[in-house]
Amino acid sequence: MRLHRFYIDEPVGNKTELKVSSAELANQIRRVFRLKTGDSVVVFDGSGFDYECRIGASSGDEVKSVKNLVTLDVVTTMKIRYMPVRDIYLCAAVVKKDTFEWIVEKATELGVTHIIPVMAERSEKKALNMGRLQKIAVEASEQSGRGNVPTIHQIMSLKETVELLKGEGASDLKRFTQVKCSLIAFHTDAESFNPQDVPRDIPIAIFIGPEGGWSIDEIDLFHKNQVSVVCLGPQVLRAETAVIAALSEVVFR
């Protein structure tokens with residue numbers, strides 16, 4: 001039987017016992033999944049390892065408050081099968097809430113390391129629930145067997161995003177990558193995308209527009225900043241479909 005898998009936001013290292021102080025995680029273990037003392041679970045901390053643990057007796061079988069600690073005894077350390085080794089930045093235009101949440105979930109499963117919501121000219125929605133997006137990313141990492149959780153950034157303008165990825169921004173935010181990065185924008189009216197043209201040994205940033213696509217001014221911004229503008233095919237794809245199609249070309253080729 002497959003064990004329940006949870007992300008913990010603290011390094012495990014050589015510890016033999018973990019004290020889960022997160023009220024939300026304690027609630028998941030005890031009340032949602034109804035796990036008891038002696039039951040086994042798997043936890044991961046983003047280091048590239050899974051840790052099989054048993055729920056310790058000190059946790060108690062009945063938790064009256066989710067603030068109570070859950071103690072885990074580390075039994076086995078296993079190297080994770082799936083750990084993204086390449087930085088992939090998904091710069092996705094802000095779309096309606098349910099759609100963007102779906103994008104975060106699937107992008108996490110596909111190995112994206114950074115998700116940057118971009119405020120495009122044709123974005124109809126202007127805000128996102130960042131806490132919920134982070135929770136979705138954690139749950140998708142747990143479910144998919146991934147070894148870490150992607151970073152979800154605050155909403156940025158397209159200009160700021162491009163400049164930051166090129167290391168030219170005036171923002172207080174640190175540059176995401178210190179090495180050369182391939183920047184690719186997908187648009188319906190462009191030359192076909194050839195994955196073989198993208199080096200595999202450097203980070204890649206993928207720009208996906210909103211419903212209606214990028215505006216003329218946004219396409220001009222891409223060209224002025226040497227961002228490659230390409231298309232996936234003659235079809236007009238929904239934003240979430242374009243995300244999956246573009247990432248699949250990059251991840252599975």
# chains A, B, ... in the order shown; residues from 1 in each chain; ligands from 1
$ closest_atom_pairs --of "segment 80-163 of chain A" --to "segment 43-59 of chain A" --cutoff "7 Å" --atoms "only C-alpha atoms" --output "CSV"
residue,atom,partner,partner_atom,distance
A:Ile80,CA,A:Phe49,CA,5.0
A:Met83,CA,A:Gly48,CA,6.4
A:Gly147,CA,A:Gly48,CA,5.2
A:Asn148,CA,A:Gly46,CA,4.1
A:Val149,CA,A:Gly46,CA,6.9
$ residues_around --residues "Thr151 of chain A" --least-positions-apart "2" --cutoff "9 Å" --atoms "only C-alpha atoms" --output "ChimeraX atom specification"
/A:112-116,134,137,149,153
$ write_last_selection --atoms "C-alpha atoms" --output "short mmCIF file (atom, residue, chain, number, x, y, z; two decimals), in the first residue's frame"
data_model
loop_
_atom_site.label_atom_id
_atom_site.label_comp_id
_atom_site.auth_asym_id
_atom_site.auth_seq_id
_atom_site.Cartn_x
_atom_site.Cartn_y
_atom_site.Cartn_z
CA VAL A 112 8.66 23.76 -13.03
CA THR A 113 10.94 25.33 -10.41
CA HIS A 114 9.56 28.90 -10.43
CA ILE A 115 6.04 30.10 -11.18
CA ILE A 116 5.71 33.82 -11.91
CA GLN A 134 1.43 27.65 -2.38
CA ALA A 137 2.00 23.44 -5.17
CA VAL A 149 8.31 22.44 -4.10
CA HIS A 153 6.43 34.58 -6.83
#
$ atom_distance --atom1 "atom CA of Ser123 of chain A" --atom2 "atom CA of Ala93 of chain A"
6.7 Å
$ atom_distance --atom1 "atom CA of Ile206 of chain A" --atom2 "atom CA of Ile155 of chain A"
15.6 Å
$ closest_residue --among "A:Lys106, A:Arg86, A:Leu237, A:Asp9" --to "Ala205 of chain A" --atoms "only C-alpha atoms"
A:Arg86
$ closest_residue --among "A:Gln235, A:Thr76, A:Gln226, A:Asn129" --to "Ile184 of chain A" --atoms "only C-alpha atoms"
A:Gln226
$ closest_residue --among "A:Ile103, A:Phe33, A:Cys91, A:Arg200" --to "Pro117 of chain A" --atoms "only C-alpha atoms"
A:Cys91
$ select_by_dssp --residues "segment 19-81 of chain A" --states "strand (DSSP E or B)" --output "list of chain:residue names"
A:Lys19, A:Val20, A:Ser40, A:Val41, A:Val42, A:Val43, A:Phe44, A:Phe49, A:Asp50, A:Tyr51, A:Glu52, A:Cys53, A:Arg54, A:Ile55, A:Val70, A:Thr71, A:Leu72, A:Asp73, A:Val74, A:Val75, A:Thr76, A:Thr77, A:Met78, A:Lys79
$ select_by_dssp --residues "segment 4-86 of chain A" --states "helix (DSSP H, G or I)" --output "list of chain:residue names"
A:Ala23, A:Glu24, A:Leu25, A:Ala26, A:Asn27, A:Gln28, A:Ile29, A:Arg30, A:Arg31, A:Val32, A:Ala57, A:Ser58, A:Ser59
$ residues_around --residues "Gln28 of chain A" --least-positions-apart "6" --cutoff "12 Å" --atoms "only C-alpha atoms" --output "list in words"
His4, Arg5, Phe6, Tyr7, Val20, Ser22, Arg34, Leu35, Lys36, Val41, Val63, Val66, Lys67, Val70 and Glu139 of chain A
$ residues_around --residues "Lys125 of chain A" --least-positions-apart "3" --cutoff "7 Å" --atoms "only C-alpha atoms" --output "list of chain:residue names"
A:Val94, A:Val95, A:Lys96
$ write_last_selection --atoms "C-alpha atoms" --output "PDB file, in the first residue's frame"
ATOM      1  CA  VAL A  94      -2.837  35.988 -14.691  1.00  0.00           C
ATOM      2  CA  VAL A  95      -6.139  34.341 -15.645  1.00  0.00           C
ATOM      3  CA  LYS A  96      -9.258  33.476 -13.671  1.00  0.00           C
TER       4      LYS A  96
END
$ closest_residue --among "A:Met156, A:Cys231, A:Ile219, A:Phe100" --to "Ala190 of chain A" --atoms "only C-alpha atoms"
A:Cys231
$ closest_residue --among "A:Val162, A:Val243, A:Val251, A:Leu72" --to "Pro195 of chain A" --atoms "only C-alpha atoms"
A:Val251
$ closest_residue --among "A:Pro84, A:Arg238, A:Glu211, A:Ile152" --to "Glu124 of chain A" --atoms "only C-alpha atoms"
A:Glu211
$ atom_distance --atom1 "atom CA of Leu158 of chain A" --atom2 "atom CA of Val118 of chain A"
5.8 Å
